[in-house]
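A.B. asks: For reference, this is protein_18.cif, and it has mmCIF, C-alpha atoms and all ligand atoms.
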data_entry
#
loop_
_atom_site.label_atom_id
_atom_site.label_comp_id
_atom_site.auth_asym_id
_atom_site.auth_seq_id
_atom_site.Cartn_x
_atom_site.Cartn_y
_atom_site.Cartn_z
CA MET U 1 35.58 -19.15 79.04
CA SER U 2 35.48 -17.69 82.56
CA ASN U 3 33.81 -20.92 83.56
CA ILE U 4 36.80 -23.07 82.63
CA ILE U 5 39.37 -20.62 84.01
CA ASP U 6 37.38 -20.48 87.25
CA PHE U 7 37.42 -24.25 87.36
CA LEU U 8 41.20 -24.39 86.82
CA ALA U 9 41.75 -21.74 89.50
CA ARG U 10 39.58 -23.69 91.91
CA MET U 11 41.30 -26.94 91.06
CA GLY U 12 44.72 -25.31 91.48
CA ALA U 13 43.76 -24.20 94.98
CA SER U 14 42.10 -27.45 96.08
CA ALA U 15 44.08 -30.26 97.67
CA THR U 16 41.13 -32.55 97.01
CA LEU U 17 40.77 -31.77 93.32
CA ARG U 18 44.52 -31.83 92.66
CA THR U 19 44.85 -35.27 94.16
CA SER U 20 41.49 -36.77 93.23
CA GLY U 21 41.14 -39.62 90.78
CA LYS U 22 39.61 -39.33 87.31
CA ALA U 23 36.08 -40.18 88.47
CA ASP U 24 35.94 -37.45 91.11
CA LEU U 25 37.49 -34.97 88.70
CA ALA U 26 34.91 -35.89 86.06
CA ASN U 27 32.09 -35.31 88.57
CA ALA U 28 33.54 -31.94 89.57
CA LEU U 29 33.80 -30.91 85.91
CA THR U 30 30.18 -31.88 85.29
CA ALA U 31 29.01 -30.10 88.43
CA SER U 32 30.80 -26.96 87.24
CA ASP U 33 29.14 -27.12 83.82
CA VAL U 34 32.46 -27.26 82.00
CA GLU U 35 31.90 -27.82 78.27
CA PRO U 36 32.29 -31.55 77.50
CA THR U 37 35.18 -31.22 74.98
CA LEU U 38 37.15 -29.08 77.44
CA ALA U 39 36.35 -31.45 80.27
CA ALA U 40 37.56 -34.35 78.13
CA ALA U 41 40.85 -32.52 77.45
CA ILE U 42 41.35 -31.98 81.19
CA LEU U 43 40.56 -35.61 81.97
CA ALA U 44 42.99 -36.74 79.27
CA GLY U 45 45.69 -34.41 80.63
CA ASP U 46 45.77 -32.79 77.18
CA ASP U 47 46.94 -29.27 77.98
CA ALA U 48 47.78 -28.58 74.32
CA ALA U 49 44.16 -29.16 73.27
CA LEU U 50 42.94 -26.82 75.98
CA ARG U 51 45.36 -24.08 74.93
CA ASP U 52 44.51 -24.53 71.24
CA ARG U 53 40.89 -23.84 72.06
CA LEU U 54 41.22 -21.09 74.64
CA ALA U 55 44.58 -19.37 74.24
CA PRO U 56 45.99 -20.22 70.82
CA GLY U 57 49.36 -18.99 69.60
CA LYS U 58 52.90 -19.08 70.85
CA PHE U 59 53.61 -17.93 74.38
CA PHE U 60 57.14 -16.79 75.11
CA GLY U 61 58.70 -17.48 78.49
CA ILE U 62 62.30 -16.37 77.96
CA GLN U 63 63.03 -13.31 80.08
CA LEU U 64 66.79 -13.09 80.63
CA ASP U 65 69.75 -12.61 78.32
CA GLN U 66 73.34 -11.55 78.26
CA ASP U 67 73.66 -7.78 78.00
CA GLU U 68 75.75 -8.09 74.88
CA PRO U 69 75.62 -11.67 73.65
CA GLU U 70 78.42 -11.17 71.14
CA GLU U 71 80.77 -9.45 73.55
CA GLN U 72 83.41 -11.55 75.23
CA ASP U 73 86.63 -11.08 77.17
CA ASP U 74 85.28 -8.62 79.68
CA GLY U 75 88.08 -8.22 82.18
CA ASP U 76 87.02 -9.65 85.53
CA GLU U 77 87.71 -6.40 87.22
CA GLU U 78 85.68 -4.40 84.76
CA SER U 79 82.58 -6.58 84.99
CA SER U 80 82.64 -6.70 88.76
CA VAL U 81 82.86 -2.91 88.79
CA ARG U 82 79.82 -2.71 86.52
CA PHE U 83 77.94 -5.17 88.77
CA ALA U 84 78.78 -3.09 91.83
CA GLN U 85 77.61 0.07 90.08
CA ARG U 86 74.28 -1.47 89.16
CA ARG U 87 73.72 -2.59 92.73
CA ALA U 88 74.50 0.81 94.17
CA MET T 1 44.60 21.97 95.83
CA THR T 2 44.89 18.65 94.08
CA GLU T 3 48.19 16.92 93.64
CA ALA T 4 48.79 14.48 90.82
CA ALA T 5 48.80 10.96 92.25
CA PRO T 6 52.41 9.78 92.34
CA GLY T 7 52.96 6.79 90.14
CA SER T 8 54.25 3.56 91.58
CA LEU T 9 55.32 0.11 90.44
CA ALA T 10 54.97 -3.34 92.00
CA CYS T 11 56.36 -6.41 90.25
CA VAL T 12 54.81 -9.62 91.53
CA GLY T 13 54.92 -13.30 90.64
CA VAL T 14 51.94 -15.60 90.22
CA GLY T 15 53.96 -18.73 90.82
CA MET T 16 54.08 -21.62 88.38
CA THR T 17 50.76 -23.44 88.61
CA LEU T 18 47.45 -21.73 87.81
CA GLY T 19 45.49 -21.28 91.04
CA SER T 20 48.06 -22.89 93.31
CA HIS T 21 50.79 -20.40 94.13
CA LEU T 22 49.47 -16.83 94.08
CA THR T 23 50.21 -15.11 97.39
CA PRO T 24 47.54 -12.94 99.04
CA LEU T 25 49.89 -9.97 98.78
CA ALA T 26 50.49 -10.47 95.04
CA ARG T 27 46.74 -10.73 94.45
CA SER T 28 46.19 -7.55 96.43
CA HIS T 29 48.81 -5.69 94.35
CA ILE T 30 47.03 -6.85 91.19
CA GLU T 31 43.55 -5.95 92.38
CA SER T 32 44.49 -2.55 93.75
CA ALA T 33 46.53 -1.39 90.73
CA ASP T 34 45.27 1.12 88.17
CA VAL T 35 46.78 -0.90 85.35
CA VAL T 36 48.23 -4.42 85.20
CA PHE T 37 50.85 -5.71 82.75
CA VAL T 38 51.32 -9.43 82.39
CA ALA T 39 54.22 -11.57 81.11
CA VAL T 40 53.56 -15.25 81.76
CA SER T 41 54.54 -18.36 79.83
CA ASP T 42 51.10 -19.96 79.47
CA GLY T 43 48.10 -18.43 77.69
CA LEU T 44 45.67 -19.93 80.18
CA VAL T 45 47.58 -18.42 83.08
CA GLU T 46 47.31 -15.08 81.29
CA GLN T 47 43.52 -15.55 81.01
CA TRP T 48 43.42 -16.21 84.73
CA VAL T 49 45.27 -12.96 85.48
CA ARG T 50 42.83 -11.12 83.16
CA GLN T 51 40.01 -12.14 85.47
CA MET T 52 41.61 -10.34 88.41
CA HIS T 53 41.45 -6.81 86.99
CA ALA T 54 39.55 -4.86 84.35
CA ASP T 55 42.68 -3.38 82.71
CA VAL T 56 45.20 -6.18 82.12
CA ARG T 57 47.60 -5.64 79.22
CA SER T 58 49.73 -8.47 77.88
CA LEU T 59 53.43 -7.92 77.30
CA GLN T 60 53.55 -10.97 74.97
CA GLY T 61 53.10 -8.73 71.91
CA PHE T 62 56.62 -7.41 72.35
CA TYR T 63 58.11 -10.81 71.56
CA ALA T 64 58.65 -12.03 68.01
CA ASP T 65 60.73 -14.78 66.48
CA ASP T 66 64.13 -13.42 65.40
CA LYS T 67 63.59 -10.08 67.16
CA PRO T 68 66.40 -9.30 69.63
CA ARG T 69 65.07 -10.14 73.08
CA GLN T 70 66.94 -7.17 74.55
CA ALA T 71 64.65 -4.93 72.51
CA THR T 72 61.64 -6.84 73.85
CA TYR T 73 62.75 -6.38 77.46
CA ARG T 74 63.44 -2.66 76.85
CA GLU T 75 59.96 -2.20 75.43
CA MET T 76 58.41 -4.02 78.40
CA VAL T 77 60.23 -1.70 80.82
CA ASP T 78 59.39 1.45 78.83
CA THR T 79 55.73 0.49 78.60
CA MET T 80 55.39 -0.09 82.34
CA LEU T 81 57.33 3.09 83.18
CA ALA T 82 55.25 5.27 80.87
CA GLU T 83 52.20 4.46 83.01
CA VAL T 84 54.15 5.03 86.24
CA ARG T 85 55.21 8.46 84.95
CA ALA T 86 51.58 9.21 84.11
CA GLY T 87 50.90 8.92 87.84
CA ARG T 88 49.31 5.50 87.81
CA LYS T 89 49.67 2.61 90.20
CA VAL T 90 51.21 -0.08 88.00
CA CYS T 91 51.49 -3.79 88.69
CA GLY T 92 53.76 -6.00 86.57
CA VAL T 93 52.77 -9.65 86.78
CA PHE T 94 55.34 -12.28 85.90
CA TYR T 95 55.27 -16.04 86.12
CA GLY T 96 57.14 -17.83 88.88
CA HIS T 97 59.22 -15.39 90.93
CA PRO T 98 59.43 -12.01 89.18
CA GLY T 99 63.09 -11.60 90.04
CA VAL T 100 64.42 -15.04 89.13
CA PHE T 101 66.05 -15.25 85.70
CA ALA T 102 63.97 -12.28 84.59
CA GLN T 103 65.41 -9.01 83.38
CA ALA T 104 62.53 -6.56 82.86
CA PRO T 105 61.16 -6.57 86.43
CA HIS T 106 64.57 -5.79 87.97
CA GLU T 107 65.27 -3.09 85.40
CA ALA T 108 61.83 -1.51 85.66
CA ILE T 109 62.12 -1.30 89.45
CA ALA T 110 65.65 0.14 89.31
CA ARG T 111 64.63 2.77 86.75
CA ALA T 112 61.42 3.71 88.56
CA ARG T 113 63.43 4.25 91.75
CA GLU T 114 66.06 6.29 89.89
CA GLU T 115 63.25 8.54 88.72
CA GLY T 116 61.92 8.94 92.25
CA TYR T 117 58.91 6.62 92.16
CA ALA T 118 58.06 4.01 94.75
CA ALA T 119 58.80 0.57 93.35
CA ARG T 120 58.93 -2.87 94.90
CA MET T 121 59.19 -6.55 94.07
CA GLU T 122 57.21 -9.27 95.80
CA PRO T 123 58.56 -12.83 95.62
CA GLY T 124 56.64 -15.67 94.04
CA VAL T 125 56.96 -19.43 93.84
CA SER T 126 59.65 -20.06 91.24
CA SER T 127 60.19 -23.05 88.96
CA GLU T 128 63.23 -23.61 91.18
CA ASP T 129 60.93 -24.14 94.16
CA CYS T 130 58.81 -26.60 92.19
CA LEU T 131 61.94 -28.42 91.06
CA TYR T 132 63.06 -29.02 94.62
CA ALA T 133 59.63 -30.41 95.47
CA ASP T 134 59.11 -32.54 92.36
CA LEU T 135 62.64 -33.93 92.07
CA GLY T 136 63.05 -34.33 95.83
CA ILE T 137 66.20 -32.22 95.97
CA ASP T 138 67.24 -30.23 99.01
CA PRO T 139 69.71 -27.54 97.87
CA GLY T 140 71.22 -27.52 101.34
CA ARG T 141 72.35 -31.14 101.36
CA VAL T 142 75.43 -30.82 99.14
CA GLY T 143 74.86 -27.37 97.66
CA CYS T 144 73.32 -26.29 94.39
CA GLN T 145 74.62 -24.02 91.62
CA HIS T 146 72.45 -22.28 89.06
CA PHE T 147 73.47 -20.95 85.66
CA GLU T 148 71.84 -19.66 82.52
CA ALA T 149 72.68 -22.27 79.86
CA THR T 150 74.11 -20.01 77.16
CA GLN T 151 76.11 -17.95 79.64
CA PHE T 152 77.42 -21.24 81.03
CA MET T 153 78.62 -22.23 77.56
CA LEU T 154 80.16 -18.85 76.71
CA ASN T 155 82.20 -18.50 79.89
CA ARG T 156 84.53 -20.72 81.86
CA ARG T 157 82.75 -21.20 85.16
CA ILE T 158 84.08 -22.83 88.26
CA VAL T 159 81.88 -25.89 88.49
CA ASP T 160 81.63 -27.89 91.69
CA PRO T 161 80.69 -31.43 90.61
CA SER T 162 80.03 -32.41 94.21
CA ALA T 163 76.98 -30.10 94.23
CA TRP T 164 73.85 -30.04 92.06
CA LEU T 165 74.04 -28.01 88.89
CA ILE T 166 70.87 -26.49 87.46
CA LEU T 167 70.87 -25.03 83.94
CA TRP T 168 68.09 -22.62 83.04
CA GLN T 169 66.87 -21.69 79.57
CA VAL T 170 68.42 -24.87 78.21
CA GLY T 171 65.76 -24.82 75.46
CA ILE T 172 67.57 -21.88 73.83
CA ALA T 173 71.08 -23.09 74.75
CA GLY T 174 73.79 -21.64 72.53
CA ASP T 175 71.74 -18.88 70.93
CA LEU T 176 74.17 -16.09 70.05
CA SER T 177 71.66 -14.10 68.02
CA GLY T 178 69.62 -13.17 71.09
CA GLY T 179 66.48 -13.72 69.02
CA ARG T 180 65.98 -17.47 68.64
CA PHE T 181 63.50 -19.33 70.80
CA GLU T 182 64.86 -22.81 70.25
CA THR T 183 68.06 -24.80 70.27
CA ASP T 184 69.23 -27.71 68.10
CA PRO T 185 71.29 -30.92 68.34
CA ALA T 186 74.54 -29.20 67.30
CA ARG T 187 74.30 -26.59 70.05
CA LEU T 188 73.21 -29.19 72.58
CA ALA T 189 76.15 -31.41 71.57
CA LEU T 190 78.42 -28.49 72.40
CA LEU T 191 76.68 -28.05 75.74
CA VAL T 192 77.27 -31.75 76.42
CA GLU T 193 80.96 -31.24 75.59
CA VAL T 194 81.20 -28.36 78.05
CA LEU T 195 79.45 -30.39 80.76
CA ALA T 196 81.64 -33.39 79.96
CA ARG T 197 84.64 -31.42 81.29
CA HIS T 198 83.14 -32.10 84.70
CA TYR T 199 80.78 -35.08 84.35
CA PRO T 200 81.02 -38.46 82.63
CA GLU T 201 78.89 -38.65 79.48
CA THR T 202 77.03 -41.56 81.05
CA HIS T 203 76.05 -39.39 84.02
CA GLU T 204 72.27 -39.34 84.47
CA VAL T 205 70.70 -35.89 84.19
CA ALA T 206 67.04 -34.84 84.40
CA VAL T 207 64.99 -32.56 82.18
CA TYR T 208 62.39 -30.90 84.33
CA ARG T 209 59.24 -28.92 83.57
CA ALA T 210 56.83 -27.90 86.34
CA ALA T 211 53.08 -28.04 85.73
CA THR T 212 51.58 -24.69 84.79
CA LEU T 213 48.04 -26.13 84.80
CA PRO T 214 46.70 -27.96 87.84
CA PHE T 215 45.77 -31.16 86.00
CA GLN T 216 49.19 -31.57 84.40
CA GLU T 217 51.99 -33.81 85.62
CA PRO T 218 55.49 -32.35 85.69
CA ARG T 219 57.94 -33.47 82.98
CA ILE T 220 60.73 -35.45 84.62
CA GLU T 221 62.84 -37.15 81.98
CA ARG T 222 66.01 -38.84 83.11
CA LEU T 223 68.68 -39.64 80.56
CA PRO T 224 72.45 -40.02 80.20
CA LEU T 225 74.17 -36.67 79.57
CA ALA T 226 75.32 -37.77 76.11
CA GLU T 227 71.69 -38.29 75.01
CA LEU T 228 70.72 -34.67 75.55
CA PRO T 229 71.00 -33.63 71.87
CA ARG T 230 68.51 -36.34 70.96
CA ILE T 231 65.53 -35.04 72.90
CA ALA T 232 63.17 -32.12 72.35
CA LEU T 233 63.64 -29.20 74.71
CA GLY T 234 61.34 -26.21 75.02
CA MET T 235 61.44 -22.72 76.52
CA SER T 236 60.11 -23.99 79.86
CA ASP T 237 62.56 -26.86 80.40
CA THR T 238 65.29 -26.83 83.02
CA LEU T 239 68.21 -29.25 83.20
CA ALA T 240 69.16 -30.71 86.58
CA VAL T 241 72.58 -32.35 86.86
CA PRO T 242 73.17 -34.35 90.05
CA PRO T 243 76.58 -34.38 91.70
CA CYS T 244 79.03 -36.94 90.33
CA ARG T 245 81.54 -36.73 93.15
CA ALA T 246 81.52 -36.97 96.91
CA LEU T 247 82.27 -33.88 98.96
CA GLU T 248 86.01 -33.45 99.39
CA PRO T 249 86.95 -33.01 103.04
CA ASP T 250 89.40 -30.24 103.97
CA PRO T 251 91.73 -31.89 106.53
CA ILE T 252 93.39 -28.65 107.57
CA VAL T 253 90.21 -26.81 108.45
CA ARG T 254 88.91 -29.95 110.13
CA GLU T 255 92.00 -30.14 112.29
CA ARG T 256 91.83 -26.49 113.19
CA LEU T 257 88.15 -26.77 114.11
CA ALA T 258 88.90 -29.87 116.18
CA ALA T 259 91.62 -27.92 118.01
CA LEU T 260 89.17 -25.08 118.72
CA ASN T 261 86.73 -27.65 120.00
CA THR T 262 89.15 -28.97 122.57
CA GLN T 263 90.03 -25.42 123.70
CA THR T 264 86.46 -24.25 124.27
C1 LIG G 301 63.12 -16.46 81.98
S1 LIG G 301 63.26 -17.77 83.10
C2 LIG G 301 61.93 -17.36 84.16
C3 LIG G 301 61.87 -18.13 85.42
C4 LIG G 301 60.76 -17.70 86.35
N1 LIG G 301 60.89 -16.31 86.70
C5 LIG G 301 60.73 -18.55 87.61
O1 LIG G 301 60.63 -17.99 88.70
O2 LIG G 301 60.79 -19.79 87.52
C6 LIG G 301 62.79 -19.09 82.06
C7 LIG G 301 63.42 -20.39 82.48
O3 LIG G 301 62.88 -20.77 83.71
C8 LIG G 301 62.73 -22.17 83.74
N2 LIG G 301 61.29 -22.48 83.71
C9 LIG G 301 60.29 -21.74 83.25
N3 LIG G 301 59.11 -22.41 83.33
C10 LIG G 301 59.41 -23.61 83.85
C11 LIG G 301 58.66 -24.75 84.18
N4 LIG G 301 57.35 -24.80 83.96
N5 LIG G 301 59.30 -25.80 84.71
C12 LIG G 301 60.63 -25.78 84.94
N6 LIG G 301 61.39 -24.73 84.64
C13 LIG G 301 60.80 -23.66 84.11
C14 LIG G 301 63.35 -22.71 82.46
O4 LIG G 301 64.72 -22.94 82.69
C15 LIG G 301 63.13 -21.54 81.54
O5 LIG G 301 63.98 -21.57 80.43
#
Before anything else, please render the file you have as structure tokens.
C.D. replies:
Amino acid sequence: MSNIIDFLARMGASATLRTSGKADLANALTASDVEPTLAAAILAGDDAALRDRLAPGKFFGIQLDQDEPEEQDDGDEESSVRFAQRRA
Amino acid sequence: MTEAAPGSLACVGVGMTLGSHLTPLARSHIESADVVFVAVSDGLVEQWVRQMHADVRSLQGFYADDKPRQATYREMVDTMLAEVRAGRKVCGVFYGHPGVFAQAPHEAIARAREEGYAARMEPGVSSEDCLYADLGIDPGRVGCQHFEATQFMLNRRIVDPSAWLILWQVGIAGDLSGGRFETDPARLALLVEVLARHYPETHEVAVYRAATLPFQEPRIERLPLAELPRIALGMSDTLAVPPCRALEPDPIVRERLAALNTQT
């Protein structure tokens, strides 16, 4: 596991690996001893297969919402006052 | 005499792409913390963060389908603050920029400060930054406005169709329950109607998704506005709407500036 994450971290930080063609990437994967099925997923650009194997399950990326989604008709003045208070 | 170590909080971003965007300062905050909390959108990115510290705790467990997201954000904040109050050096790790379209980091920092603890945010590379690079947009050329998709639908905004318009969280557009993690063609059709007040339905828009893994290509799908309800959108997609009008010159200000020019 740490092997493949290390490889991804190294690839992410390497101008050469990020822009190299399939053959160079395949060599780098072999040199790093990345398991063949995982290496094949990377070469195929199959991120879903990689996640299924190593980090299965749903990952949530939503992090912002209305304070009160149902509430409407806030007077302009009132909401700008609340905004100012939060900033203070 | 020993004093209890004062707790502190740092919220940092790891950027969008695993391995590519982490700043030295963010890494240092992670490595020097007593405890690290992580809320990122990709399980492999979470694994990467786990390798940086022995005590990394995921905030993903607070999410659940149909659970109000406000409750999730509250729990994230409470969990981080409990450790701060226990005197620990806490680092909250978020994907992208921790303060861009993200509620818990801002709230946790505000509350920690209210309670007298040191708290800071360090910027990260946001999906917005990746969008400019991948779509070749410079927000300074004609201007660029950003809205959260559901908020954009629920409120009458002043839209400038001579600038770019970027809609975030379009994959949950129109969710009034605050607990759904998807949208559907009916809600997207309504979003198209709202946008059609300002743009022709034939106007070409782009769905954008930055790579979170270094071997991925970004999603860049261009389509006419009216087609939006027919495509699949996920939690990580952003909608980019190019301007449909030229900038409108202001002759009065131009004249006044010209007059100033001749005077000075
Ligand atoms: C809660 S916000 C978090 C944004 C994050 N803090 C950042 O700096 O990009 C989630 C929204 O950000 C945008 N987003 C997240 N991941 C993205 C990606 N990989 N590519 C493009 N946009 C993304 C989408 O609009 C998504 O709905």
A.B. asks: Using all atoms listed in the file, which residue out of T:Met80, T:Ala104, T:Ile231, T:Ala246 lies closest to ligand LIG 301 (chain G)?
C.D. replies: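 Under the stated criterion, the closest residue is T:Ala104.
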A.B. asks: With all atoms listed in the file as the counted atoms, please give the residues lying no more than 12 Å from Ala118 in chain T, apart from itself and same-chain residues fewer than 5 positions off, as a count of residues only.
C.D. replies: 21
A.B. asks: Tell me, in Å to one decimal, how far CA of Phe59 in chain U is from CA of Asp175 in chain T.
C.D. replies: 18.5 Å
A.B. asks: Taking all atoms listed in the file into account, what are the residues of chain U at most 10 Å from chain T, put as a ChimeraX atom specification?
C.D. replies: /U:1-2,4-15,17-19,25,41-47,50-52,54-73,86-87
A.B. asks: (58.4, -9.3, 93.5) in this file's frame - what residues fall within 7 Å of it? Use all atoms listed in the file and give the answer as a list in words.
C.D. replies: Cys11, Val12, Gly13, His97, Pro98, Gly99, Arg120, Met121, Glu122, Pro123 and Gly124 of chain T
A.B. asks: What would range 1-25 of chain U look like with N, CA and C atoms in place, written as a tab-separated table (two decimals), in the coordinates of the input?
C.D. replies:
chain	number	residue	atom	x	y	z
U	1	MET	N	34.14	-19.35	78.82
U	1	MET	CA	35.58	-19.15	79.04
U	1	MET	C	35.88	-18.95	80.52
U	2	SER	N	35.17	-17.96	81.16
U	2	SER	CA	35.48	-17.69	82.56
U	2	SER	C	35.17	-18.93	83.40
U	3	ASN	N	34.19	-19.68	82.92
U	3	ASN	CA	33.81	-20.92	83.56
U	3	ASN	C	34.98	-21.91	83.72
U	4	ILE	N	35.69	-22.10	82.62
U	4	ILE	CA	36.80	-23.07	82.63
U	4	ILE	C	38.00	-22.51	83.41
U	5	ILE	N	38.26	-21.22	83.25
U	5	ILE	CA	39.37	-20.62	84.01
U	5	ILE	C	39.04	-20.66	85.51
U	6	ASP	N	37.80	-20.38	85.84
U	6	ASP	CA	37.38	-20.48	87.25
U	6	ASP	C	37.61	-21.90	87.76
U	7	PHE	N	37.25	-22.86	86.92
U	7	PHE	CA	37.42	-24.25	87.36
U	7	PHE	C	38.90	-24.55	87.60
U	8	LEU	N	39.76	-24.13	86.66
U	8	LEU	CA	41.20	-24.39	86.82
U	8	LEU	C	41.74	-23.70	88.07
U	9	ALA	N	41.28	-22.47	88.31
U	9	ALA	CA	41.75	-21.74	89.50
U	9	ALA	C	41.31	-22.47	90.77
U	10	ARG	N	40.08	-22.97	90.74
U	10	ARG	CA	39.58	-23.69	91.91
U	10	ARG	C	40.33	-25.00	92.10
U	11	MET	N	40.56	-25.68	90.98
U	11	MET	CA	41.30	-26.94	91.06
U	11	MET	C	42.73	-26.69	91.58
U	12	GLY	N	43.36	-25.63	91.05
U	12	GLY	CA	44.72	-25.31	91.48
U	12	GLY	C	44.83	-25.08	92.97
U	13	ALA	N	43.74	-24.55	93.55
U	13	ALA	CA	43.76	-24.20	94.98
U	13	ALA	C	43.17	-25.29	95.87
U	14	SER	N	42.78	-26.42	95.29
U	14	SER	CA	42.10	-27.45	96.08
U	14	SER	C	42.94	-28.72	96.20
U	15	ALA	N	43.30	-29.02	97.43
U	15	ALA	CA	44.08	-30.26	97.67
U	15	ALA	C	43.28	-31.47	97.20
U	16	THR	N	41.97	-31.41	97.39
U	16	THR	CA	41.13	-32.55	97.01
U	16	THR	C	41.14	-32.73	95.49
U	17	LEU	N	40.85	-31.64	94.78
U	17	LEU	CA	40.77	-31.77	93.32
U	17	LEU	C	42.13	-32.11	92.69
U	18	ARG	N	43.20	-31.57	93.26
U	18	ARG	CA	44.52	-31.83	92.66
U	18	ARG	C	44.96	-33.26	92.88
U	19	THR	N	44.40	-33.90	93.90
U	19	THR	CA	44.85	-35.27	94.16
U	19	THR	C	43.75	-36.30	93.90
U	20	SER	N	42.61	-35.82	93.40
U	20	SER	CA	41.49	-36.77	93.23
U	20	SER	C	41.71	-37.63	91.99
U	21	GLY	N	41.05	-38.74	91.95
U	21	GLY	CA	41.14	-39.62	90.78
U	21	GLY	C	40.26	-39.08	89.66
U	22	LYS	N	40.34	-39.77	88.51
U	22	LYS	CA	39.61	-39.33	87.31
U	22	LYS	C	38.11	-39.21	87.56
U	23	ALA	N	37.53	-40.17	88.30
U	23	ALA	CA	36.08	-40.18	88.47
U	23	ALA	C	35.62	-38.95	89.24
U	24	ASP	N	36.32	-38.63	90.33
U	24	ASP	CA	35.94	-37.45	91.11
U	24	ASP	C	36.13	-36.17	90.29
U	25	LEU	N	37.22	-36.14	89.53
U	25	LEU	CA	37.49	-34.97	88.70
U	25	LEU	C	36.39	-34.81	87.65
